[in-house]
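Read through the structure below, which is laid out as structure tokens, and then see the notes.
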Protein chains: 4
Amino acid sequence: MSGNTTGTLFKVTTWGESHGKAIGVVVDGCPPNIQLSESDIQEELNRRRPGFSQASSPRKEKDMVEILSGIFEEKTTGTPISMIIKNRDAKSGDYKQIKNLFRPGHGDITYFKKYGIRDYRGGGRASGRETAARVAAGAIAGKVIAREGIEIIAYTRELGGIAAEQITLADIDQNSILCPDMEAAEKMENALEGARKTSDSLGGIVEILVKGCPPGLGEPVFDKIDADLAKALMSIGTVKGVEIGAGFEATKMSGSECNDPITPEGFETNNAGGILAGITNGDEIVIRVACKPISSIEKEQQTIDIHGRPTTISIKGRHDVCVIPRIIPVCKAMVSIVLADHLLRQKNIIVF
Amino acid sequence: MSGNTTGTLFKVTTWGESHGKAIGVVVDGCPPNIQLSESDIQEELNRRRPGFSQASSPRKEKDMVEILSGIFEEKTTGTPISMIIKNRDAKSGDYKQIKNLFRPGHGDITYFKKYGIRDYRGGGRASGRETAARVAAGAIAGKVIAREGIEIIAYTRELGGIAAEQITLADIDQNSILCPDMEAAEKMENALEGARKTSDSLGGIVEILVKGCPPGLGEPVFDKIDADLAKALMSIGTVKGVEIGAGFEATKMSGSECNDPITPEGFETNNAGGILAGITNGDEIVIRVACKPISSIEKEQQTIDIHGRPTTISIKGRHDVCVIPRIIPVCKAMVSIVLADHLLRQKNIIVF
Amino acid sequence: MSGNTTGTLFKVTTWGESHGKAIGVVVDGCPPNIQLSESDIQEELNRRRPGFSQASSPRKEKDMVEILSGIFEEKTTGTPISMIIKNRDAKSGDYKQIKNLFRPGHGDITYFKKYGIRDYRGGGRASGRETAARVAAGAIAGKVIAREGIEIIAYTRELGGIAAEQITLADIDQNSILCPDMEAAEKMENALEGARKTSDSLGGIVEILVKGCPPGLGEPVFDKIDADLAKALMSIGTVKGVEIGAGFEATKMSGSECNDPITPEGFETNNAGGILAGITNGDEIVIRVACKPISSIEKEQQTIDIHGRPTTISIKGRHDVCVIPRIIPVCKAMVSIVLADHLLRQKNIIVF
Amino acid sequence: MSGNTTGTLFKVTTWGESHGKAIGVVVDGCPPNIQLSESDIQEELNRRRPGFSQASSPRKEKDMVEILSGIFEEKTTGTPISMIIKNRDAKSGDYKQIKNLFRPGHGDITYFKKYGIRDYRGGGRASGRETAARVAAGAIAGKVIAREGIEIIAYTRELGGIAAEQITLADIDQNSILCPDMEAAEKMENALEGARKTSDSLGGIVEILVKGCPPGLGEPVFDKIDADLAKALMSIGTVKGVEIGAGFEATKMSGSECNDPITPEGFETNNAGGILAGITNGDEIVIRVACKPISSIEKEQQTIDIHGRPTTISIKGRHDVCVIPRIIPVCKAMVSIVLADHLLRQKNIIVF
């Protein structure tokens, strides 16, 4: 139990179920005197709003964040920042049809086995909605790291097996998929349309770049920065894999190919993905996360009910076809939270 | 700082540098009354001993473990178990030649940037030798989870780009690569031989199976079991990627392909890799970790010295050609430690 | 930073300032399937309500708690329980007069030195109001420990130097001071009246008894149960001392007087206060906490303003004359939280 | 379980039983580049050596510390510092006579109830010997805080009911009791002699002063500096009470007496003991800890054996008559550890 708090110095605690009264988050450990208002948070939240792209479900909750503490005259005070997002548009009724059925690929069966409780309303804590609280916390973390010149960029690297071939960062905001390759983006949109027509869903790969990160972040041997990034990203429900730099490709290289030559100007290549021995090396951090296809689909699937009897299920609710691109701000938030925490942890050494 | 302790209830703290007096580990939180002797630990340590296979370096330290506390009459007492492994065969002299050079792909440059200290003797904490302490702790964790019927199997899934095509678990111990495919194992051995001849190194993929794991382990939303496994495995120096179940392949599937149909007898497929929403589902846990090629190679590489001047480096010490298969017991150890911790965390709910 | 979360398995995170929008708490790690409703929490909150006794300030906030998550059909689900108490009756205006003055005995000067922020509205996080969140969390902890037969009784042992001479537990609820000695209670009431008339304040001692606690709780050597109790109680703003069992009196005894003889029926005396070597021994736990007089008084005091200039201050707001008896439910809450946490930590051993 | 690690950034893990092979400690999070050698540690250890004064047992173990990691060229490297103290003079034989008896006032009965294990050799983890590891860690913490100008002074305030009437710090090292009042020291020595003759033991009060502590240390609302100090000190086996500043005396004062007037030059009095709202205020920190009389006495006492049968016990081993003055360096160590941790935690804010 009690796995809902993360971080050592920049501490984030989320709470709330998809169909309860509200969801929220407490951020403890944010340094004082940082300019912060609700609109800073809202801006990030809007990026994961459903209806943002054609990959999204038509559920139109507004996700209005309210800051309840930790701010005085639009500045952080060093005390915990509590944020709440009320659940406005939750129709539990939609879920009645599947009240007694386990959804394949979904956490309702494991939650039931773990806690011995059947909360059939939506996904409860396992719902993607929980990630809104992460985005809110990530917005604050983003402010902390921005002060040190750190910037995070994330985009769709692959969707439904279609890969972005060339990365033009300026193109990311030019298409609804947040893909840096306009041509690939169009193919991805078609793939999404195809999946929607067959009542199915798709997965994909998000790539995250961290620019301007100082060297020295990461706490060997267990709290290495790549270890904490992997944990943070893998804790997102949809993620089934995380790789840093060359990642799985590195396994096919020889040492002389994989090692990044060092020059007075910096590293010549970046197979390390900006991290050596679990510590940032000052180069760009490169991370890719594998997102499985959304499990809730209308297509009929084989399952059992809560009494163990075989049956089929067709999930009729409002569901996205793909977590991408809505998951992108969530990935950015988790990376921001990890970096803010490690930045504060490293500060001790820098100033001592 | 202070990233050398991991776990919430089964707590592991490692210490020691590759060329200091000793390395060691303190395991705190092991339940009392478990039969445990030094030979239980030694057996696991022997599996990561150098010289075990042709992939290994000829450095012949014996890695004899000594238990210093926490055991009475060959049983755990519930108090911390301290273990020490003395460094016998450390020739710092070997490293004098590279005293002022940063090794490409190695952590010496980031350690220097982080701590402002240049400890040129071997890899210090960044050395693979540190993982012996993890194996010792993992041996105890292994005892804890074995009592619940959990068994961990790990093997070489890929080496130097050569994949095991068919998995015959009985074959794992029949070759020096710990590969479940004898034919692939032979090719891998040849690849290793080739790399050695060119003073280069190779990487590969380790696959880990957890059998007999009860459902319900994992603590959403941040301490999910896959999140903690990813962190634990990514914290091994050589690892650049971790995936669960179908992993990165899942990104190319549709939801109807990826979702594992549920039947009264269990799941029909296992794309989830035994984990749904961060909680074990009772099915086999499947994990793959990407190991980069060893960074220390004799082949000449471009680098800088500690004053920032360009130069070349050729690392002459005794180095393995590939971390596989020596890394396999380390991977098993880290998985054991995570499972032991989560088993204890879940116990609270079970008995309440 | 980030000191607003406590507990290892039963984890409590509080947030909120006395004059912000609301205060609240997230309880993570409460076992599932415990009957819980808002009225359970409200009942405890009412006990610390101002206006409860003549020791209290006339500020009449209602402290209505709302549960936002973690409950389904009036039972805990195992997910985080978020509770909020809105601030209704906060008149920041009252504080304008002392906006630039540091209050002697108050935390406004240390908060300013720590965070570099001057939040002049009431006490911010240092306000006694923060303890309402603790009481709400304690009410849940109380449910957890009650299931194991643990009961907590707390009362006024001393007030303004007047001690309860004989302890009649049945009398506690028969007077507004929550004193187990009716005669002493009357004297205490008179003392409070006297202090009010002179615009001054009083302190006192709260005694806490824990009945029915099983042996075995406490985690040596740092997380001993008395150590965690001392921390939890000392973390209440008003507390300047904590003692267990004979406490400071034990220092004047000889070993043969202080040691509690052991008989087949149990301990003959209880100088240990139910705790030996940091582990509960099955006997009644006895704790006393020293509460200093309330620092905010109308009586004129010498101080400085935020620019360091000497001046005098007379605090006109609505303030209690003594934290007792309002602090009593807070003490009970903190003890409940520690016991719930340690009960869950010990469960692992019991069942293994 | 797993309560043997303390600290957030300056993390201390102790291990070892009084009659096992060794005891030891791992200090993780010590900043790099601090001058440190074994003699620095040894010096502190010598202060708690038995045989130091007439209050001590004649057991003459040497307590030679060995540093095993974390130091390079006599400087800390930022990696974990592992220290070991071998047990040389442990005669388990001494304990055979009481193998099956529970000692009144001792933790052997609670350890047995908690873990279900009977380790009859000496006190195991409950032995005072465990505190040597704390002293070793405290010596390192002392180096960390000394760099910021913090100095800790501790002495015998009371022994066997005899109080130091006037505090002359220069006198502390002039007597074997470490008492700042030479006249009282003589009386204390007589009291110790008396207790020894009657095969009994005594308790006392240690007072600790922290000079030069900067304002701003402490992390409300749970990790307040006084809360963490109380926990750290109460975690010492002998301690039954902790008070800050005026402590229990404050409960008898009025607010106008207890509040420390603030002047441009600082606080006029120090009833707060240097801590306001859980944060240091820049004034001297004042702490008193109540030490109970040593439980192991030769005088016959009533007890039961491990089968629950009534009997008597007379403990013949080598035991101190009073934990004072040997406990004094332990108290200093625990205060140093807490201050080092909070200093590092506060650094983040200072530099941001």
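Residue numbering restarts at 1 in every chain; chains get A, B, ... in the order shown in the structure tokens, and ligands count up from 1 in that same order.
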
Name the residues of segment 125-339 of chain A that come out as strand (DSSP E or B) in a backbone DSSP run; write them as a ChimeraX atom specification.
/A:151-159,162-163,202,204-211,219,221,223,239-244,254,262-263,266-267,275-276,279-280,285-291,301-305,310-313

Please, could you write that set of residues out with N, CA and C atoms as a compact mmCIF listing (two decimals), in the first residue's frame?
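Everything below was put into again.txt:
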# COMPACT_ATOMS: atom_id res chain seq x y z
N GLU A 151 14.76 22.42 -20.57
CA GLU A 151 13.55 22.42 -21.39
C GLU A 151 13.26 21.00 -21.84
N ILE A 152 12.00 20.63 -21.82
CA ILE A 152 11.62 19.28 -22.24
C ILE A 152 10.75 19.34 -23.49
N ILE A 153 11.12 18.53 -24.46
CA ILE A 153 10.35 18.42 -25.70
C ILE A 153 9.92 16.97 -25.84
N ALA A 154 8.66 16.75 -26.20
CA ALA A 154 8.22 15.38 -26.38
C ALA A 154 7.29 15.31 -27.58
N TYR A 155 7.32 14.20 -28.27
CA TYR A 155 6.52 14.08 -29.49
C TYR A 155 6.27 12.61 -29.82
N THR A 156 5.41 12.42 -30.79
CA THR A 156 5.07 11.07 -31.26
C THR A 156 6.18 10.56 -32.18
N ARG A 157 6.86 9.55 -31.74
CA ARG A 157 7.92 8.99 -32.56
C ARG A 157 7.35 7.91 -33.48
N GLU A 158 6.34 7.22 -33.00
CA GLU A 158 5.74 6.14 -33.78
C GLU A 158 4.29 5.98 -33.33
N LEU A 159 3.42 5.62 -34.26
CA LEU A 159 2.01 5.39 -33.90
C LEU A 159 1.47 4.29 -34.79
N ILE A 162 3.68 3.12 -37.48
CA ILE A 162 4.18 4.11 -38.45
C ILE A 162 5.17 5.04 -37.73
N ALA A 163 6.40 5.08 -38.24
CA ALA A 163 7.45 5.84 -37.55
C ALA A 163 7.67 7.20 -38.19
N LEU A 202 -4.97 1.69 -31.01
CA LEU A 202 -3.57 1.61 -31.44
C LEU A 202 -2.62 2.05 -30.33
N GLY A 204 1.82 3.22 -29.61
CA GLY A 204 2.86 4.00 -30.26
C GLY A 204 4.03 4.28 -29.33
N ILE A 205 4.94 5.06 -29.84
CA ILE A 205 6.16 5.38 -29.08
C ILE A 205 6.29 6.90 -28.94
N VAL A 206 6.50 7.34 -27.71
CA VAL A 206 6.75 8.76 -27.45
C VAL A 206 8.24 8.95 -27.24
N GLU A 207 8.80 9.98 -27.86
CA GLU A 207 10.21 10.30 -27.64
C GLU A 207 10.29 11.61 -26.87
N ILE A 208 11.17 11.61 -25.88
CA ILE A 208 11.31 12.79 -25.02
C ILE A 208 12.76 13.27 -25.07
N LEU A 209 12.93 14.56 -25.29
CA LEU A 209 14.27 15.16 -25.28
C LEU A 209 14.35 16.17 -24.15
N VAL A 210 15.43 16.10 -23.39
CA VAL A 210 15.65 17.10 -22.35
C VAL A 210 16.86 17.93 -22.74
N LYS A 211 16.62 19.20 -22.96
CA LYS A 211 17.69 20.10 -23.40
C LYS A 211 18.13 21.00 -22.24
N GLU A 219 21.62 9.89 -8.58
CA GLU A 219 22.23 9.47 -7.32
C GLU A 219 22.50 7.97 -7.31
N VAL A 221 23.85 4.29 -6.18
CA VAL A 221 23.71 3.36 -7.24
C VAL A 221 22.27 2.96 -7.55
N ASP A 223 19.35 5.25 -7.04
CA ASP A 223 18.55 6.37 -7.52
C ASP A 223 19.22 7.08 -8.69
N VAL A 239 2.31 2.48 -20.33
CA VAL A 239 3.71 2.27 -20.75
C VAL A 239 4.18 0.85 -20.46
N LYS A 240 4.75 0.21 -21.47
CA LYS A 240 5.26 -1.16 -21.33
C LYS A 240 6.77 -1.26 -21.56
N GLY A 241 7.42 -0.14 -21.86
CA GLY A 241 8.86 -0.18 -22.08
C GLY A 241 9.45 1.21 -22.05
N VAL A 242 10.68 1.29 -21.59
CA VAL A 242 11.39 2.58 -21.54
C VAL A 242 12.81 2.32 -22.00
N GLU A 243 13.34 3.20 -22.85
CA GLU A 243 14.75 3.08 -23.22
C GLU A 243 15.40 4.44 -23.26
N ILE A 244 16.69 4.43 -22.98
CA ILE A 244 17.47 5.67 -22.90
C ILE A 244 18.50 5.67 -24.03
N SER A 254 28.74 -2.73 -31.29
CA SER A 254 29.98 -3.08 -30.57
C SER A 254 30.32 -1.91 -29.66
N ILE A 262 34.71 11.35 -26.85
CA ILE A 262 34.70 12.61 -26.10
C ILE A 262 35.68 13.59 -26.74
N THR A 263 35.23 14.80 -26.97
CA THR A 263 36.09 15.83 -27.53
C THR A 263 36.04 17.05 -26.60
N GLY A 266 32.68 18.41 -26.43
CA GLY A 266 31.58 17.60 -25.93
C GLY A 266 31.61 16.21 -26.55
N PHE A 267 30.51 15.49 -26.43
CA PHE A 267 30.43 14.14 -26.97
C PHE A 267 30.11 14.21 -28.46
N ILE A 275 23.15 10.27 -20.44
CA ILE A 275 23.31 9.71 -19.09
C ILE A 275 24.42 8.66 -19.08
N LEU A 276 25.40 8.82 -18.21
CA LEU A 276 26.49 7.86 -18.05
C LEU A 276 26.57 7.43 -16.60
N ILE A 279 24.22 9.19 -14.22
CA ILE A 279 24.39 10.62 -13.93
C ILE A 279 24.35 11.38 -15.26
N THR A 280 23.66 12.51 -15.28
CA THR A 280 23.60 13.29 -16.52
C THR A 280 25.01 13.76 -16.90
N ILE A 285 19.28 14.62 -22.99
CA ILE A 285 18.73 13.35 -22.53
C ILE A 285 17.69 12.89 -23.54
N VAL A 286 17.80 11.63 -23.94
CA VAL A 286 16.90 11.08 -24.95
C VAL A 286 16.22 9.83 -24.38
N ILE A 287 14.90 9.86 -24.36
CA ILE A 287 14.12 8.74 -23.79
C ILE A 287 13.01 8.36 -24.76
N ARG A 288 12.77 7.07 -24.87
CA ARG A 288 11.60 6.61 -25.64
C ARG A 288 10.75 5.71 -24.76
N VAL A 289 9.44 5.91 -24.83
CA VAL A 289 8.55 5.05 -24.04
C VAL A 289 7.56 4.36 -24.97
N ALA A 290 7.36 3.08 -24.69
CA ALA A 290 6.44 2.27 -25.49
C ALA A 290 5.05 2.32 -24.86
N CYS A 291 4.07 2.80 -25.64
CA CYS A 291 2.69 2.86 -25.16
C CYS A 291 1.88 1.77 -25.83
N GLN A 301 -14.66 -8.88 -27.11
CA GLN A 301 -13.53 -9.63 -26.59
C GLN A 301 -14.01 -10.70 -25.61
N GLN A 302 -13.17 -11.71 -25.47
CA GLN A 302 -13.48 -12.81 -24.57
C GLN A 302 -13.05 -12.42 -23.14
N THR A 303 -13.91 -12.69 -22.18
CA THR A 303 -13.53 -12.37 -20.80
C THR A 303 -14.31 -13.24 -19.82
N ILE A 304 -14.20 -12.90 -18.53
CA ILE A 304 -15.01 -13.57 -17.51
C ILE A 304 -15.70 -12.50 -16.67
N ASP A 305 -16.74 -12.90 -15.95
CA ASP A 305 -17.35 -11.96 -15.02
C ASP A 305 -16.70 -12.14 -13.65
N PRO A 310 -17.21 -17.51 -18.01
CA PRO A 310 -16.79 -16.98 -19.32
C PRO A 310 -17.93 -16.20 -19.99
N THR A 311 -17.53 -15.14 -20.68
CA THR A 311 -18.52 -14.32 -21.40
C THR A 311 -17.77 -13.45 -22.41
N THR A 312 -18.48 -12.56 -23.07
CA THR A 312 -17.79 -11.61 -23.96
C THR A 312 -18.11 -10.20 -23.50
N ILE A 313 -17.30 -9.27 -23.98
CA ILE A 313 -17.47 -7.89 -23.56
C ILE A 313 -17.26 -6.97 -24.77

Would you list the contacts of segment 181-193 of chain C as a JSON list (two decimals) with N, CA and C atoms, in the first residue's frame, taking every protein, DNA or RNA residue within 7 Å and counting only C-alpha atoms, but skipping same-chain residues closer than 2 positions in sequence?
[["chain", "number", "residue", "atom", "x", "y", "z"],
["C", 55, "ALA", "N", -11.50, 27.49, 27.47],
["C", 55, "ALA", "CA", -10.11, 27.71, 27.12],
["C", 55, "ALA", "C", -9.98, 28.17, 25.67],
["C", 159, "LEU", "N", -2.57, 21.81, 34.19],
["C", 159, "LEU", "CA", -2.88, 23.04, 33.44],
["C", 159, "LEU", "C", -2.49, 24.21, 34.31],
["C", 160, "GLY", "N", -1.67, 25.09, 33.77],
["C", 160, "GLY", "CA", -1.25, 26.26, 34.53],
["C", 160, "GLY", "C", -0.57, 25.88, 35.83],
["C", 162, "ILE", "N", -1.41, 23.47, 37.75],
["C", 162, "ILE", "CA", -2.33, 22.72, 38.63],
["C", 162, "ILE", "C", -2.45, 21.29, 38.12],
["C", 163, "ALA", "N", -2.10, 20.34, 38.98],
["C", 163, "ALA", "CA", -2.07, 18.95, 38.54],
["C", 163, "ALA", "C", -3.32, 18.19, 38.94],
["C", 164, "ALA", "N", -3.73, 17.25, 38.08],
["C", 164, "ALA", "CA", -4.77, 16.31, 38.47],
["C", 164, "ALA", "C", -4.14, 15.36, 39.48],
["C", 165, "GLU", "N", -4.73, 15.30, 40.67],
["C", 165, "GLU", "CA", -4.10, 14.49, 41.72],
["C", 165, "GLU", "C", -4.51, 13.03, 41.61],
["C", 166, "GLN", "N", -5.81, 12.84, 41.33],
["C", 166, "GLN", "CA", -6.22, 11.44, 41.16],
["C", 166, "GLN", "C", -6.92, 11.29, 39.82],
["C", 167, "ILE", "N", -6.66, 10.15, 39.18],
["C", 167, "ILE", "CA", -7.11, 9.95, 37.81],
["C", 167, "ILE", "C", -8.39, 9.09, 37.82],
["C", 168, "THR", "N", -9.51, 9.74, 37.56],
["C", 168, "THR", "CA", -10.78, 9.01, 37.43],
["C", 168, "THR", "C", -11.23, 9.17, 35.98],
["C", 171, "ASP", "N", -14.41, 10.72, 34.79],
["C", 171, "ASP", "CA", -14.65, 12.15, 34.98],
["C", 171, "ASP", "C", -14.19, 13.01, 33.81],
["C", 175, "ASN", "N", -16.16, 17.51, 32.57],
["C", 175, "ASN", "CA", -15.78, 18.91, 32.75],
["C", 175, "ASN", "C", -15.18, 19.43, 31.45],
["C", 177, "ILE", "N", -12.54, 20.88, 30.80],
["C", 177, "ILE", "CA", -11.08, 20.83, 30.69],
["C", 177, "ILE", "C", -10.59, 19.44, 30.25],
["C", 179, "CYS", "N", -10.40, 16.91, 32.27],
["C", 179, "CYS", "CA", -9.49, 16.55, 33.35],
["C", 179, "CYS", "C", -10.10, 15.40, 34.16],
["C", 195, "ALA", "N", -6.16, 34.02, 33.63],
["C", 195, "ALA", "CA", -5.27, 34.34, 32.51],
["C", 195, "ALA", "C", -5.99, 35.18, 31.47],
["C", 196, "ARG", "N", -7.25, 34.84, 31.23],
["C", 196, "ARG", "CA", -8.02, 35.62, 30.25],
["C", 196, "ARG", "C", -8.12, 37.07, 30.69],
["C", 197, "LYS", "N", -8.37, 37.25, 31.97],
["C", 197, "LYS", "CA", -8.54, 38.61, 32.48],
["C", 197, "LYS", "C", -7.28, 39.43, 32.35],
["C", 321, "VAL", "N", -6.91, 30.76, 25.28],
["C", 321, "VAL", "CA", -6.08, 31.06, 26.45],
["C", 321, "VAL", "C", -5.10, 29.92, 26.70]]

Residues of chain C within 12 Å of chain B, counting only C-alpha atoms - could you list those as a ChimeraX atom specification?
/C:7-10,28-34,77-80,144-145,147-148,219-221,340-352

Could you give me, as a list in words, each residue of segment 216-257 of chain C that DSSP assigns to alpha helix (DSSP H) when run on this structure's backbone?
Ile225, Asp226, Ala227, Asp228, Leu229, Ala230, Lys231, Ala232, Leu233, Met234, Gly255, Ser256 and Glu257 of chain C

Could you take the residues named above and write them with all heavy atoms, as a compact mmCIF listing (two decimals), in the first residue's frame?
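Final file, out18.txt:
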# COMPACT_ATOMS: atom_id res chain seq x y z
N ILE C 225 9.14 2.49 18.57
CA ILE C 225 7.80 3.07 18.72
C ILE C 225 7.83 4.32 19.59
O ILE C 225 7.12 5.30 19.30
CB ILE C 225 6.81 2.01 19.28
CG1 ILE C 225 5.38 2.51 19.15
CG2 ILE C 225 7.12 1.64 20.72
CD1 ILE C 225 4.70 2.16 17.89
N ASP C 226 8.68 4.35 20.61
CA ASP C 226 8.74 5.56 21.45
C ASP C 226 9.40 6.71 20.68
O ASP C 226 9.03 7.87 20.84
CB ASP C 226 9.43 5.31 22.80
CG ASP C 226 10.65 4.43 22.70
OD1 ASP C 226 11.01 4.01 21.59
OD2 ASP C 226 11.25 4.13 23.75
N ALA C 227 10.35 6.37 19.80
CA ALA C 227 10.99 7.40 18.98
C ALA C 227 9.97 8.01 18.02
O ALA C 227 9.89 9.23 17.88
CB ALA C 227 12.16 6.80 18.21
N ASP C 228 9.19 7.16 17.39
CA ASP C 228 8.20 7.69 16.44
C ASP C 228 7.07 8.43 17.15
O ASP C 228 6.54 9.42 16.62
CB ASP C 228 7.65 6.55 15.56
CG ASP C 228 8.54 6.32 14.34
OD1 ASP C 228 9.43 7.16 14.08
OD2 ASP C 228 8.35 5.31 13.64
N LEU C 229 6.70 7.96 18.33
CA LEU C 229 5.70 8.70 19.11
C LEU C 229 6.24 10.07 19.52
O LEU C 229 5.53 11.09 19.44
CB LEU C 229 5.30 7.90 20.37
CG LEU C 229 4.41 6.68 20.11
CD1 LEU C 229 4.34 5.80 21.35
CD2 LEU C 229 3.01 7.10 19.68
N ALA C 230 7.49 10.10 19.94
CA ALA C 230 8.09 11.37 20.36
C ALA C 230 8.12 12.34 19.19
O ALA C 230 7.80 13.53 19.33
CB ALA C 230 9.50 11.14 20.91
N LYS C 231 8.51 11.84 18.03
CA LYS C 231 8.54 12.71 16.85
C LYS C 231 7.15 13.23 16.52
O LYS C 231 6.95 14.43 16.29
CB LYS C 231 9.11 11.95 15.65
CG LYS C 231 8.99 12.74 14.36
CD LYS C 231 9.75 12.16 13.21
CE LYS C 231 9.49 13.03 11.96
NZ LYS C 231 10.38 12.74 10.86
N ALA C 232 6.19 12.33 16.47
CA ALA C 232 4.83 12.70 16.08
C ALA C 232 4.26 13.75 17.03
O ALA C 232 3.62 14.72 16.59
CB ALA C 232 3.95 11.46 16.06
N LEU C 233 4.49 13.58 18.32
CA LEU C 233 3.93 14.51 19.30
C LEU C 233 4.70 15.82 19.32
O LEU C 233 4.14 16.90 19.43
CB LEU C 233 3.89 13.85 20.68
CG LEU C 233 2.85 12.71 20.76
CD1 LEU C 233 3.11 11.82 21.96
CD2 LEU C 233 1.43 13.28 20.81
N MET C 234 6.02 15.73 19.20
CA MET C 234 6.84 16.94 19.21
C MET C 234 6.58 17.77 17.95
O MET C 234 6.87 18.97 17.93
CB MET C 234 8.32 16.57 19.31
CG MET C 234 9.23 17.71 19.70
SD MET C 234 9.04 18.22 21.44
CE MET C 234 10.46 17.42 22.19
N GLY C 255 17.90 1.38 39.54
CA GLY C 255 17.47 0.33 38.62
C GLY C 255 16.47 -0.60 39.26
O GLY C 255 15.47 -1.00 38.63
N SER C 256 16.71 -0.95 40.51
CA SER C 256 15.81 -1.90 41.17
C SER C 256 14.43 -1.29 41.42
O SER C 256 13.44 -2.01 41.52
CB SER C 256 16.42 -2.41 42.48
OG SER C 256 16.69 -1.32 43.34
N GLU C 257 14.35 0.03 41.49
CA GLU C 257 13.04 0.68 41.61
C GLU C 257 12.36 0.83 40.25
O GLU C 257 11.15 0.70 40.13
CB GLU C 257 13.20 2.09 42.19
CG GLU C 257 13.58 2.16 43.66
CD GLU C 257 14.05 3.56 44.07
OE1 GLU C 257 14.58 4.31 43.21
OE2 GLU C 257 13.91 3.91 45.25

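The residue that comes closest to Met83 of chain A, out of C:Lys21, C:Gly218, C:Ile294, C:Arg309 and on the basis of only C-alpha atoms, is C:Lys21.
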
d(atom CA of His19 of chain B, atom CA of Asn46 of chain B) in Å:
19.5 Å

Show me, as number ranges by chain, the residues that have an atom within 9 Å of segment 125-127 of chain A when counting only C-alpha atoms, minus same-chain residues fewer than 5 positions from it.
A: 15-18, 106-108, 111, 237; B: 220-221, 277-278; C: 79

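Each of A:Pro215, A:Leu36, A:Ser201, A:Met334 was compared to His319 of chain A using only C-alpha atoms, and A:Ser201 turns out to be the nearest.
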